[in-house]
>>> print(open('start.cif').read())   # mmCIF, C-alpha atoms
data_coords
#
loop_
_atom_site.label_atom_id
_atom_site.label_comp_id
_atom_site.auth_asym_id
_atom_site.auth_seq_id
_atom_site.Cartn_x
_atom_site.Cartn_y
_atom_site.Cartn_z
CA MET A 10 -58.28 -8.06 36.01
CA ASN A 11 -56.54 -8.46 32.69
CA GLY A 12 -56.71 -7.10 29.16
CA ARG A 13 -54.81 -5.50 26.31
CA ILE A 14 -53.53 -1.99 25.65
CA GLU A 15 -53.33 -1.26 21.92
CA VAL A 16 -51.02 1.43 20.61
CA ARG A 17 -49.66 2.63 17.28
CA THR A 18 -46.00 3.65 17.00
CA GLU A 19 -44.78 6.25 14.53
CA GLU A 20 -41.05 5.65 14.03
CA ARG A 21 -38.78 2.68 13.39
CA GLU A 22 -37.13 3.29 16.78
CA GLN A 23 -38.91 5.24 19.45
CA LEU A 24 -39.76 5.37 23.13
CA LEU A 25 -43.54 5.92 23.12
CA ASP A 26 -45.00 7.23 26.38
CA ILE A 27 -47.92 4.94 27.36
CA THR A 28 -48.23 6.12 30.97
CA ARG A 29 -51.72 7.52 30.55
CA ALA A 30 -53.10 4.33 28.97
CA VAL A 31 -51.56 2.24 31.74
CA THR A 32 -52.84 4.58 34.46
CA ASP A 33 -56.33 4.39 32.98
CA GLU A 34 -56.37 0.59 33.36
CA VAL A 35 -55.28 0.87 36.99
CA LYS A 36 -58.13 3.31 37.68
CA LYS A 37 -60.66 1.10 35.88
CA SER A 38 -59.60 -1.91 37.94
CA GLY A 39 -60.44 -0.20 41.23
CA VAL A 40 -57.42 -1.92 42.80
CA ARG A 41 -55.98 0.19 45.64
CA ASP A 42 -52.92 -1.90 46.47
CA GLY A 43 -51.36 -4.51 44.28
CA VAL A 44 -49.20 -5.20 41.28
CA LEU A 45 -49.51 -4.46 37.56
CA TYR A 46 -47.81 -6.71 35.01
CA LEU A 47 -47.14 -5.43 31.49
CA TRP A 48 -46.14 -7.78 28.69
CA SER A 49 -45.36 -7.07 25.03
CA VAL A 50 -46.52 -9.97 22.84
CA HIS A 51 -43.97 -8.98 20.19
CA THR A 52 -40.29 -9.78 19.61
CA THR A 53 -39.16 -6.39 18.32
CA CYS A 54 -40.44 -4.04 21.00
CA GLY A 55 -40.21 -3.96 24.78
CA ILE A 56 -41.46 -2.11 27.84
CA THR A 57 -39.31 0.17 29.96
CA VAL A 58 -39.59 3.02 32.46
CA ASN A 59 -37.34 6.04 32.27
CA GLU A 60 -37.35 9.84 32.27
CA GLY A 61 -40.25 11.40 30.41
CA ALA A 62 -39.91 15.08 31.32
CA ASP A 63 -37.27 15.94 28.71
CA PRO A 64 -37.87 14.20 25.35
CA ASP A 65 -34.12 14.48 24.67
CA VAL A 66 -33.54 11.60 27.09
CA ALA A 67 -35.57 9.21 24.92
CA ARG A 68 -33.84 10.59 21.83
CA ASP A 69 -30.39 10.02 23.38
CA ILE A 70 -31.31 6.45 24.47
CA VAL A 71 -32.37 5.61 20.93
CA ALA A 72 -29.21 7.20 19.50
CA VAL A 73 -26.88 5.23 21.78
CA LEU A 74 -28.58 1.92 20.99
CA ARG A 75 -28.41 2.73 17.26
CA ARG A 76 -24.68 3.31 17.58
CA LEU A 77 -24.05 0.12 19.56
CA VAL A 78 -26.34 -2.10 17.46
CA PRO A 79 -26.60 -0.71 13.93
CA ARG A 80 -29.45 -1.77 11.67
CA ASP A 81 -26.98 -3.12 9.11
CA GLY A 82 -24.38 -5.59 10.26
CA ASP A 83 -23.04 -9.08 9.83
CA TYR A 84 -26.45 -10.64 10.50
CA ARG A 85 -27.84 -13.95 9.22
CA HIS A 86 -31.53 -13.40 9.99
CA ALA A 87 -33.01 -12.62 6.57
CA GLU A 88 -35.71 -10.20 7.70
CA GLY A 89 -33.22 -7.39 8.27
CA ASN A 90 -34.27 -6.65 11.84
CA SER A 91 -31.75 -8.55 13.94
CA ASP A 92 -30.86 -5.25 15.58
CA SER A 93 -34.51 -4.90 16.69
CA HIS A 94 -34.46 -8.32 18.37
CA LEU A 95 -31.25 -7.48 20.22
CA LYS A 96 -32.57 -4.09 21.36
CA THR A 97 -35.69 -5.91 22.63
CA LEU A 98 -33.54 -8.28 24.69
CA VAL A 99 -31.74 -5.25 26.19
CA THR A 100 -35.00 -3.45 27.00
CA GLY A 101 -36.86 -6.52 28.24
CA PRO A 102 -40.29 -7.70 27.06
CA GLY A 103 -42.23 -6.70 30.17
CA GLN A 104 -42.28 -4.74 33.40
CA THR A 105 -43.88 -5.21 36.80
CA LEU A 106 -45.15 -2.04 38.46
CA LEU A 107 -46.43 -1.47 41.99
CA ILE A 108 -49.80 0.03 42.93
CA GLU A 109 -50.30 1.96 46.18
CA ALA A 110 -53.41 3.92 47.15
CA GLY A 111 -54.91 3.38 43.71
CA ALA A 112 -51.95 4.82 41.81
CA LEU A 113 -48.81 3.48 40.15
CA VAL A 114 -45.65 3.83 42.23
CA LEU A 115 -43.61 6.06 39.91
CA GLY A 116 -40.96 8.62 40.74
CA THR A 117 -41.33 12.26 39.76
CA TRP A 118 -39.63 11.77 36.40
CA GLN A 119 -40.63 8.19 35.60
CA LYS A 120 -42.86 7.45 32.63
CA VAL A 121 -43.82 4.07 31.17
CA PHE A 122 -42.64 3.58 27.60
CA LEU A 123 -43.22 1.10 24.84
CA ALA A 124 -39.75 0.82 23.32
CA GLU A 125 -40.32 0.37 19.60
CA TRP A 126 -37.36 -1.11 17.71
CA ASP A 127 -38.97 -2.08 14.39
CA GLY A 128 -41.87 0.29 13.73
CA PRO A 129 -44.00 1.93 12.82
CA ARG A 130 -46.50 -0.77 13.81
CA SER A 131 -49.63 -1.53 15.78
CA ARG A 132 -48.59 -3.06 19.10
CA SER A 133 -50.51 -4.98 21.74
CA ILE A 134 -49.52 -4.98 25.41
CA ALA A 135 -51.06 -7.62 27.63
CA TYR A 136 -51.58 -6.69 31.26
CA ARG A 137 -52.82 -8.20 34.48
CA ILE A 138 -53.52 -6.47 37.78
CA LEU A 139 -53.33 -8.51 40.99
CA PRO A 140 -54.67 -7.02 44.22
CA ALA A 141 -52.43 -7.36 47.29
CA MET D 278 -46.78 -5.75 52.97
CA ASN D 279 -45.09 -2.81 51.30
CA GLY D 280 -42.61 -0.07 52.12
CA ARG D 281 -39.39 1.66 51.16
CA ILE D 282 -35.74 0.77 51.49
CA GLU D 283 -33.55 3.86 51.72
CA VAL D 284 -29.87 3.71 50.80
CA ARG D 285 -27.01 6.11 50.15
CA THR D 286 -24.60 5.45 47.27
CA GLU D 287 -20.99 6.56 47.32
CA GLU D 288 -19.81 6.68 43.71
CA ARG D 289 -21.10 8.03 40.41
CA GLU D 290 -21.32 4.45 39.07
CA GLN D 291 -21.47 1.54 41.45
CA LEU D 292 -23.18 -1.75 42.20
CA LEU D 293 -24.22 -1.37 45.86
CA ASP D 294 -25.04 -4.63 47.65
CA ILE D 295 -28.47 -4.23 49.30
CA THR D 296 -29.07 -7.93 50.00
CA ARG D 297 -29.13 -7.54 53.77
CA ALA D 298 -31.66 -4.70 53.69
CA VAL D 299 -33.91 -6.68 51.36
CA THR D 300 -33.58 -9.86 53.43
CA ASP D 301 -34.53 -7.91 56.56
CA GLU D 302 -37.83 -6.83 54.97
CA VAL D 303 -38.62 -10.42 54.03
CA LYS D 304 -38.02 -11.54 57.62
CA LYS D 305 -40.12 -8.69 59.02
CA SER D 306 -43.01 -9.61 56.73
CA GLY D 307 -43.26 -13.11 58.15
CA VAL D 308 -44.11 -14.37 54.64
CA ARG D 309 -42.91 -17.97 54.17
CA ASP D 310 -43.77 -18.42 50.49
CA GLY D 311 -44.43 -15.68 48.00
CA VAL D 312 -42.95 -13.00 45.84
CA LEU D 313 -40.96 -9.82 46.52
CA TYR D 314 -41.12 -6.90 44.09
CA LEU D 315 -38.37 -4.25 44.12
CA TRP D 316 -38.79 -0.96 42.29
CA SER D 317 -36.44 2.01 41.97
CA VAL D 318 -38.40 5.26 41.83
CA HIS D 319 -35.51 6.94 40.01
CA THR D 320 -34.48 7.22 36.36
CA THR D 321 -30.70 6.96 36.78
CA CYS D 322 -30.36 3.83 38.89
CA GLY D 323 -31.71 0.30 38.63
CA ILE D 324 -31.91 -3.01 40.46
CA THR D 325 -30.03 -6.13 39.43
CA VAL D 326 -28.80 -9.43 40.83
CA ASN D 327 -25.32 -10.74 40.08
CA GLU D 328 -22.20 -12.14 41.68
CA GLY D 329 -21.33 -10.58 45.02
CA ALA D 330 -18.52 -12.84 46.26
CA ASP D 331 -15.71 -11.18 44.30
CA PRO D 332 -16.03 -7.36 44.17
CA ASP D 333 -14.05 -7.39 40.92
CA VAL D 334 -17.17 -8.63 39.12
CA ALA D 335 -19.08 -5.46 39.99
CA ARG D 336 -16.00 -3.41 39.09
CA ASP D 337 -15.75 -5.12 35.68
CA ILE D 338 -19.47 -4.65 34.97
CA VAL D 339 -19.18 -0.93 35.66
CA ALA D 340 -16.03 -0.70 33.51
CA VAL D 341 -17.65 -2.40 30.51
CA LEU D 342 -20.73 -0.18 30.66
CA ARG D 343 -18.50 2.91 30.94
CA ARG D 344 -16.67 1.84 27.81
CA LEU D 345 -19.85 1.11 25.84
CA VAL D 346 -21.76 4.21 27.02
CA PRO D 347 -19.28 6.94 27.93
CA ARG D 348 -20.37 9.85 30.11
CA ASP D 349 -19.48 12.31 27.37
CA GLY D 350 -20.95 11.79 23.93
CA ASP D 351 -23.14 13.30 21.27
CA TYR D 352 -26.04 13.78 23.67
CA ARG D 353 -28.80 16.40 23.57
CA HIS D 354 -30.13 16.05 27.13
CA ALA D 355 -28.70 19.11 28.87
CA GLU D 356 -28.22 17.58 32.32
CA GLY D 357 -25.14 15.64 31.22
CA ASN D 358 -26.39 12.25 32.41
CA SER D 359 -27.80 10.66 29.27
CA ASP D 360 -25.38 7.79 29.81
CA SER D 361 -26.98 7.19 33.24
CA HIS D 362 -30.46 6.93 31.72
CA LEU D 363 -29.24 4.44 29.12
CA LYS D 364 -27.43 2.32 31.73
CA THR D 365 -30.67 2.31 33.75
CA LEU D 366 -32.60 0.98 30.75
CA VAL D 367 -30.00 -1.79 30.36
CA THR D 368 -30.14 -2.71 34.06
CA GLY D 369 -33.89 -2.42 34.41
CA PRO D 370 -35.74 -0.38 37.05
CA GLY D 371 -36.95 -3.32 39.15
CA GLN D 372 -36.65 -7.00 39.95
CA THR D 373 -39.04 -9.69 41.12
CA LEU D 374 -37.59 -12.19 43.58
CA LEU D 375 -39.05 -15.44 44.90
CA ILE D 376 -39.52 -16.36 48.56
CA GLU D 377 -39.43 -19.99 49.73
CA ALA D 378 -39.44 -21.15 53.37
CA GLY D 379 -39.12 -17.56 54.59
CA ALA D 380 -35.98 -16.80 52.56
CA LEU D 381 -35.16 -15.25 49.19
CA VAL D 382 -34.47 -17.76 46.42
CA LEU D 383 -30.88 -16.77 45.59
CA GLY D 384 -28.05 -18.90 44.24
CA THR D 385 -24.80 -19.29 46.15
CA TRP D 386 -23.17 -16.30 44.47
CA GLN D 387 -26.22 -14.10 43.89
CA LYS D 388 -26.51 -10.76 45.66
CA VAL D 389 -29.09 -8.01 45.13
CA PHE D 390 -27.59 -4.73 43.94
CA LEU D 391 -28.75 -1.20 43.51
CA ALA D 392 -27.01 -0.23 40.26
CA GLU D 393 -26.11 3.43 40.68
CA TRP D 394 -25.40 5.28 37.41
CA ASP D 395 -25.50 8.93 38.54
CA GLY D 396 -24.45 9.09 42.18
CA PRO D 397 -23.56 9.62 44.83
CA ARG D 398 -27.16 10.08 45.93
CA SER D 399 -29.83 9.04 48.39
CA ARG D 400 -32.01 6.42 46.72
CA SER D 401 -35.43 5.02 47.58
CA ILE D 402 -36.50 1.50 46.61
CA ALA D 403 -40.18 0.67 46.82
CA TYR D 404 -41.09 -2.92 47.60
CA ARG D 405 -44.12 -5.11 48.00
CA ILE D 406 -44.30 -8.68 49.30
CA LEU D 407 -47.19 -10.87 48.17
CA PRO D 408 -47.79 -14.18 49.95
CA ALA D 409 -48.42 -17.21 47.72
CA MET P 128 -47.13 -23.87 43.14
CA ASN P 129 -43.37 -23.69 42.91
CA GLY P 130 -40.44 -25.84 41.79
CA ARG P 131 -37.36 -26.07 39.64
CA ILE P 132 -36.77 -26.60 35.93
CA GLU P 133 -33.44 -28.30 35.27
CA VAL P 134 -31.73 -27.94 31.91
CA ARG P 135 -28.36 -28.68 30.35
CA THR P 136 -26.79 -26.17 27.96
CA GLU P 137 -24.47 -27.17 25.13
CA GLU P 138 -22.45 -24.08 24.20
CA ARG P 139 -20.52 -21.37 26.01
CA GLU P 140 -23.01 -18.79 24.73
CA GLN P 141 -26.44 -19.86 23.60
CA LEU P 142 -30.13 -19.05 23.73
CA LEU P 143 -31.70 -22.38 24.74
CA ASP P 144 -35.45 -22.69 24.06
CA ILE P 145 -37.13 -23.83 27.30
CA THR P 146 -40.71 -22.99 26.26
CA ARG P 147 -41.92 -26.60 26.39
CA ALA P 148 -40.56 -27.20 29.89
CA VAL P 149 -42.15 -23.97 31.13
CA THR P 150 -45.46 -24.75 29.44
CA ASP P 151 -45.49 -28.19 31.05
CA GLU P 152 -45.26 -26.63 34.54
CA VAL P 153 -48.17 -24.31 33.75
CA LYS P 154 -50.28 -27.28 32.65
CA LYS P 155 -49.34 -29.31 35.73
CA SER P 156 -50.32 -26.42 38.01
CA GLY P 157 -53.87 -26.38 36.70
CA VAL P 158 -53.85 -22.58 37.02
CA ARG P 159 -56.16 -20.99 34.45
CA ASP P 160 -55.39 -17.32 35.11
CA GLY P 161 -52.40 -15.96 36.92
CA VAL P 162 -48.72 -15.20 36.76
CA LEU P 163 -45.58 -17.31 36.31
CA TYR P 164 -42.26 -16.15 37.74
CA LEU P 165 -39.01 -17.58 36.38
CA TRP P 166 -35.72 -17.07 38.19
CA SER P 167 -32.21 -18.22 37.32
CA VAL P 168 -30.25 -19.03 40.49
CA HIS P 169 -26.97 -18.44 38.62
CA THR P 170 -24.88 -15.35 37.89
CA THR P 171 -23.76 -16.21 34.35
CA CYS P 172 -27.06 -17.02 32.67
CA GLY P 173 -30.39 -15.26 32.39
CA ILE P 174 -33.94 -15.67 31.14
CA THR P 175 -35.35 -13.85 28.15
CA VAL P 176 -38.16 -14.08 25.59
CA ASN P 177 -37.54 -13.43 21.92
CA GLU P 178 -38.11 -14.86 18.45
CA GLY P 179 -37.82 -18.63 18.24
CA ALA P 180 -39.06 -19.34 14.71
CA ASP P 181 -35.79 -18.58 12.92
CA PRO P 182 -32.74 -19.83 14.84
CA ASP P 183 -30.66 -17.15 13.10
CA VAL P 184 -32.19 -14.56 15.44
CA ALA P 185 -30.68 -16.27 18.50
CA ARG P 186 -27.40 -16.67 16.60
CA ASP P 187 -27.35 -12.95 15.72
CA ILE P 188 -28.16 -11.91 19.30
CA VAL P 189 -25.25 -13.98 20.61
CA ALA P 190 -22.94 -12.57 17.90
CA VAL P 191 -23.78 -8.94 18.72
CA LEU P 192 -23.24 -9.43 22.45
CA ARG P 193 -19.92 -11.19 21.72
CA ARG P 194 -18.82 -8.19 19.69
CA LEU P 195 -19.88 -5.65 22.31
CA VAL P 196 -18.56 -7.58 25.32
CA PRO P 197 -15.67 -9.82 24.22
CA ARG P 198 -14.60 -12.74 26.39
CA ASP P 199 -11.10 -11.28 26.69
CA GLY P 200 -10.73 -7.73 27.89
CA ASP P 201 -9.28 -5.52 30.57
CA TYR P 202 -11.02 -7.44 33.34
CA ARG P 203 -9.90 -7.91 36.95
CA HIS P 204 -12.15 -10.84 37.91
CA ALA P 205 -9.75 -13.79 37.87
CA GLU P 206 -12.20 -16.46 36.72
CA GLY P 207 -12.15 -15.19 33.12
CA ASN P 208 -15.92 -14.83 32.78
CA SER P 209 -16.54 -11.15 33.47
CA ASP P 210 -18.17 -10.94 30.05
CA SER P 211 -20.68 -13.61 31.17
CA HIS P 212 -21.66 -11.60 34.24
CA LEU P 213 -22.18 -8.47 32.13
CA LYS P 214 -24.27 -10.35 29.55
CA THR P 215 -26.37 -11.70 32.43
CA LEU P 216 -27.02 -8.17 33.68
CA VAL P 217 -28.12 -7.18 30.15
CA THR P 218 -30.42 -10.20 29.80
CA GLY P 219 -31.81 -10.05 33.32
CA PRO P 220 -31.92 -12.94 35.80
CA GLY P 221 -35.66 -13.60 35.61
CA GLN P 222 -38.91 -13.00 33.75
CA THR P 223 -42.54 -12.70 34.74
CA LEU P 224 -45.03 -14.24 32.31
CA LEU P 225 -48.82 -14.01 32.23
CA ILE P 226 -51.23 -16.96 32.18
CA GLU P 227 -54.65 -16.70 30.53
CA ALA P 228 -57.07 -19.61 29.96
CA GLY P 229 -54.47 -22.10 31.15
CA ALA P 230 -51.80 -20.99 28.69
CA LEU P 231 -48.85 -18.61 28.69
CA VAL P 232 -49.53 -15.25 27.05
CA LEU P 233 -46.95 -15.38 24.26
CA GLY P 234 -47.03 -13.78 20.82
CA THR P 235 -46.84 -15.88 17.67
CA TRP P 236 -43.06 -15.71 17.49
CA GLN P 237 -42.21 -15.54 21.20
CA LYS P 238 -40.28 -18.36 22.85
CA VAL P 239 -38.83 -18.51 26.37
CA PHE P 240 -35.05 -18.87 26.43
CA LEU P 241 -32.41 -19.60 28.98
CA ALA P 242 -29.62 -17.26 27.88
CA GLU P 243 -26.41 -19.15 28.61
CA TRP P 244 -23.30 -16.97 28.83
CA ASP P 245 -20.79 -19.33 30.45
CA GLY P 246 -21.70 -22.89 29.46
CA PRO P 247 -21.97 -25.64 28.83
CA ARG P 248 -23.45 -26.27 32.27
CA SER P 249 -26.36 -27.74 34.17
CA ARG P 250 -28.72 -24.91 35.09
CA SER P 251 -31.57 -24.66 37.54
CA ILE P 252 -34.51 -22.28 37.06
CA ALA P 253 -36.74 -21.62 40.04
CA TYR P 254 -40.37 -20.85 39.32
CA ARG P 255 -43.55 -19.94 41.12
CA ILE P 256 -47.09 -19.78 39.74
CA LEU P 257 -49.60 -17.50 41.46
CA PRO P 258 -53.28 -17.80 40.56
CA ALA P 259 -55.11 -14.54 39.90
#
>>> encode(input="start.cif", output="structure tokens")
Amino acid sequence: MNGRIEVRTEEREQLLDITRAVTDEVKKSGVRDGVLYLWSVHTTCGITVNEGADPDVARDIVAVLRRLVPRDGDYRHAEGNSDSHLKTLVTGPGQTLLIEAGALVLGTWQKVFLAEWDGPRSRSIAYRILPA
Amino acid sequence: MNGRIEVRTEEREQLLDITRAVTDEVKKSGVRDGVLYLWSVHTTCGITVNEGADPDVARDIVAVLRRLVPRDGDYRHAEGNSDSHLKTLVTGPGQTLLIEAGALVLGTWQKVFLAEWDGPRSRSIAYRILPA
Amino acid sequence: MNGRIEVRTEEREQLLDITRAVTDEVKKSGVRDGVLYLWSVHTTCGITVNEGADPDVARDIVAVLRRLVPRDGDYRHAEGNSDSHLKTLVTGPGQTLLIEAGALVLGTWQKVFLAEWDGPRSRSIAYRILPA
């Protein structure tokens, strides 16, 4: 089973919790045991998994990356978003998640995030679910 | 085949070589050709693959990340481990490894590491092996 | 289907576009829907996907990583390439790509890169294609 998850981000830089949308696709697939692949088809946002209980974690992650890779710098790329491309490399463009007993294998605090580095934008995440 | 690999880390920040434990699961599975998925169910440690021959490489990696993302900073997250969450994003929460002829596809110097960023702790790594 | 993609890099640090070589393997496999796994068997280069239309993006990514992790530093590893190992951890050693209708699922601007951090060298990328 494969498809697209469409989301809308709200900030230039933001970790957007997409766990529910991803979980819904797993349920729809009916797959009990297998693997879920997530892939951002963009070059200025990525997919990651991190703590979602305290929103300050996402805020701190964004703040550290802003400090390390400022928006303005000695960049040649004329579009003014070289920092977004670098942050996307750091985050990674996709993630592979495990499915057991019809549910994603996630720890107590883990949430799936679209890591937006050049928003706000409409974003499309391709996915495929393979049964074991 | 799926399961858990349980390990105990010894330092706050450390690359812990888990290659043998991972290799054992591949052997137990009997899978000759396929794919192995590793997934940390935590938000302050990740999985990576890097040089394991000279322990100074792991030491240098930890030292650079400590310099770039210090433990103390202008963080809001009250638990005092925002740096650990950021280092986990950089490392990534999981890895996908290839299996050929009953063995992991690893280069001469490659070892599989649990990257601990907020230890020492007991850590659980979920895995699944899919035959080709 | 599995195999190796062999490439030669030209700089010490470089994002080398390998999209055509990867696409060729997908075509040869005849797989219409599935997953492609790419794996670098080295510890000083990685695989990433980012913008390939404007070469200044790759140039800026390399420049930022050079600034954050200089070649010379307070490193213990005697081979003088600790920075390369750290950049490899940041990039990640492999990527998982999706295949739909016989083609890689890539956005308009996405290209697959070998991220060379200690070249120039001959590099070998292992791959496996699993049909859905």
>>> interface_residues(input="start.cif", of="chain A", to="chain P", cutoff="7 Å", atoms="all atoms listed in the file", output="list in words")
Val50, His51, Thr52, Tyr84, Arg85, His86, Ser91, His94, Leu95, Leu98, Val99, Pro102 and Leu139 of chain A
>>> residues_around(input="start.cif", residues="Glu138 in chain P", least_positions_apart="3", cutoff="7 Å", atoms="all atoms listed in the file", output="list of chain:residue names")
P:Gln141, P:Gly246, P:Pro247
>>> residues_near_point(input="start.cif", point="(-52.8, -23.7, 34.9)", cutoff="9 Å", atoms="all atoms listed in the file", output="PyMOL selection string")
chain P and resi 152-161+226-231+256+258
>>> atom_distance(input="start.cif", atom1="CA of Glu19 in chain A", atom2="CA of Asp83 in chain A")
27.0 Å
>>> residues_near_point(input="start.cif", point="(-42.1, -27.9, 43.9)", cutoff="9 Å", atoms="only C-alpha atoms", output="list in words")
Met128, Asn129, Gly130, Arg131, Tyr254 and Arg255 of chain P
>>> write_last_selection(input="start.cif", atoms="C-alpha atoms", output="PDB file, in the frame of the given file")
ATOM      1  CA  MET P 128     -47.130 -23.870  43.140  1.00  0.00           C
ATOM      2  CA  ASN P 129     -43.370 -23.690  42.910  1.00  0.00           C
ATOM      3  CA  GLY P 130     -40.440 -25.840  41.790  1.00  0.00           C
ATOM      4  CA  ARG P 131     -37.360 -26.070  39.640  1.00  0.00           C
ATOM      5  CA  TYR P 254     -40.370 -20.850  39.320  1.00  0.00           C
ATOM      6  CA  ARG P 255     -43.550 -19.940  41.120  1.00  0.00           C
TER       7      ARG P 255
END
>>> residues_around(input="start.cif", residues="Cys322 in chain D", least_positions_apart="3", cutoff="6 Å", atoms="only C-alpha atoms", output="PDB file with C-alpha atoms, in the frame of the given file")
ATOM      1  CA  THR D 365     -30.670   2.310  33.750  1.00  0.00           C
ATOM      2  CA  ALA D 392     -27.010  -0.230  40.260  1.00  0.00           C
ATOM      3  CA  GLU D 393     -26.110   3.430  40.680  1.00  0.00           C
ATOM      4  CA  TRP D 394     -25.400   5.280  37.410  1.00  0.00           C
TER       5      TRP D 394
END
>>> atom_distance(input="start.cif", atom1="CA of Asp144 in chain P", atom2="CA of Leu315 in chain D")
27.4 Å
>>> atom_distance(input="start.cif", atom1="CA of Ile295 in chain D", atom2="CA of Gly323 in chain D")
12.0 Å
>>> residues_around(input="start.cif", residues="Arg400 in chain D", least_positions_apart="3", cutoff="7 Å", atoms="only C-alpha atoms", output="NGL selection string")
:D and (283-285)
>>> axis_aligned_box(input="start.cif", around="range 294-313 of chain D", padding_each_side="4 Å", output="lines of an AutoDock Vina configuration file")
center_x = -34.7
center_y = -11.3
center_z = 52.4
size_x = 27.4
size_y = 22.2
size_z = 21.2
>>> resolve_selection(input="start.cif", expression="the PyMOL selection byres ((chain D and resi 316) around 6)", output="list in words")
Leu315, Ser317, Gly371, Ile402 and Ala403 of chain D
>>> build_atoms(input="start.cif", residues="range 352-364 of chain D", atoms="N, CA, C and O atoms", output="JSON list (two decimals), in the coordinates of the input")
[["chain", "number", "residue", "atom", "x", "y", "z"],
["D", 352, "TYR", "N", -24.74, 13.82, 23.01],
["D", 352, "TYR", "CA", -26.04, 13.78, 23.67],
["D", 352, "TYR", "C", -26.72, 15.15, 23.59],
["D", 352, "TYR", "O", -26.05, 16.18, 23.61],
["D", 353, "ARG", "N", -28.05, 15.14, 23.58],
["D", 353, "ARG", "CA", -28.80, 16.40, 23.57],
["D", 353, "ARG", "C", -29.31, 16.80, 24.95],
["D", 353, "ARG", "O", -29.49, 17.97, 25.23],
["D", 354, "HIS", "N", -29.59, 15.78, 25.79],
["D", 354, "HIS", "CA", -30.13, 16.05, 27.13],
["D", 354, "HIS", "C", -29.14, 16.92, 27.90],
["D", 354, "HIS", "O", -27.97, 16.57, 28.09],
["D", 355, "ALA", "N", -29.61, 18.09, 28.36],
["D", 355, "ALA", "CA", -28.70, 19.11, 28.87],
["D", 355, "ALA", "C", -28.13, 18.81, 30.26],
["D", 355, "ALA", "O", -27.19, 19.47, 30.70],
["D", 356, "GLU", "N", -28.68, 17.83, 30.95],
["D", 356, "GLU", "CA", -28.22, 17.58, 32.32],
["D", 356, "GLU", "C", -26.91, 16.80, 32.39],
["D", 356, "GLU", "O", -26.35, 16.60, 33.47],
["D", 357, "GLY", "N", -26.44, 16.31, 31.23],
["D", 357, "GLY", "CA", -25.14, 15.64, 31.22],
["D", 357, "GLY", "C", -25.15, 14.24, 31.79],
["D", 357, "GLY", "O", -24.10, 13.71, 32.17],
["D", 358, "ASN", "N", -26.34, 13.62, 31.88],
["D", 358, "ASN", "CA", -26.39, 12.25, 32.41],
["D", 358, "ASN", "C", -27.19, 11.32, 31.49],
["D", 358, "ASN", "O", -27.83, 10.37, 31.98],
["D", 359, "SER", "N", -27.12, 11.57, 30.20],
["D", 359, "SER", "CA", -27.80, 10.66, 29.27],
["D", 359, "SER", "C", -27.26, 9.25, 29.40],
["D", 359, "SER", "O", -28.00, 8.27, 29.27],
["D", 360, "ASP", "N", -25.95, 9.13, 29.63],
["D", 360, "ASP", "CA", -25.38, 7.79, 29.81],
["D", 360, "ASP", "C", -26.04, 7.07, 30.99],
["D", 360, "ASP", "O", -26.26, 5.85, 30.94],
["D", 361, "SER", "N", -26.36, 7.81, 32.05],
["D", 361, "SER", "CA", -26.98, 7.19, 33.24],
["D", 361, "SER", "C", -28.38, 6.65, 32.91],
["D", 361, "SER", "O", -28.77, 5.58, 33.39],
["D", 362, "HIS", "N", -29.12, 7.40, 32.11],
["D", 362, "HIS", "CA", -30.46, 6.93, 31.72],
["D", 362, "HIS", "C", -30.37, 5.67, 30.88],
["D", 362, "HIS", "O", -31.16, 4.74, 31.04],
["D", 363, "LEU", "N", -29.39, 5.62, 29.96],
["D", 363, "LEU", "CA", -29.24, 4.44, 29.12],
["D", 363, "LEU", "C", -28.81, 3.23, 29.95],
["D", 363, "LEU", "O", -29.33, 2.11, 29.79],
["D", 364, "LYS", "N", -27.87, 3.44, 30.87],
["D", 364, "LYS", "CA", -27.43, 2.32, 31.73],
["D", 364, "LYS", "C", -28.59, 1.81, 32.60],
["D", 364, "LYS", "O", -28.64, 0.63, 32.94]]
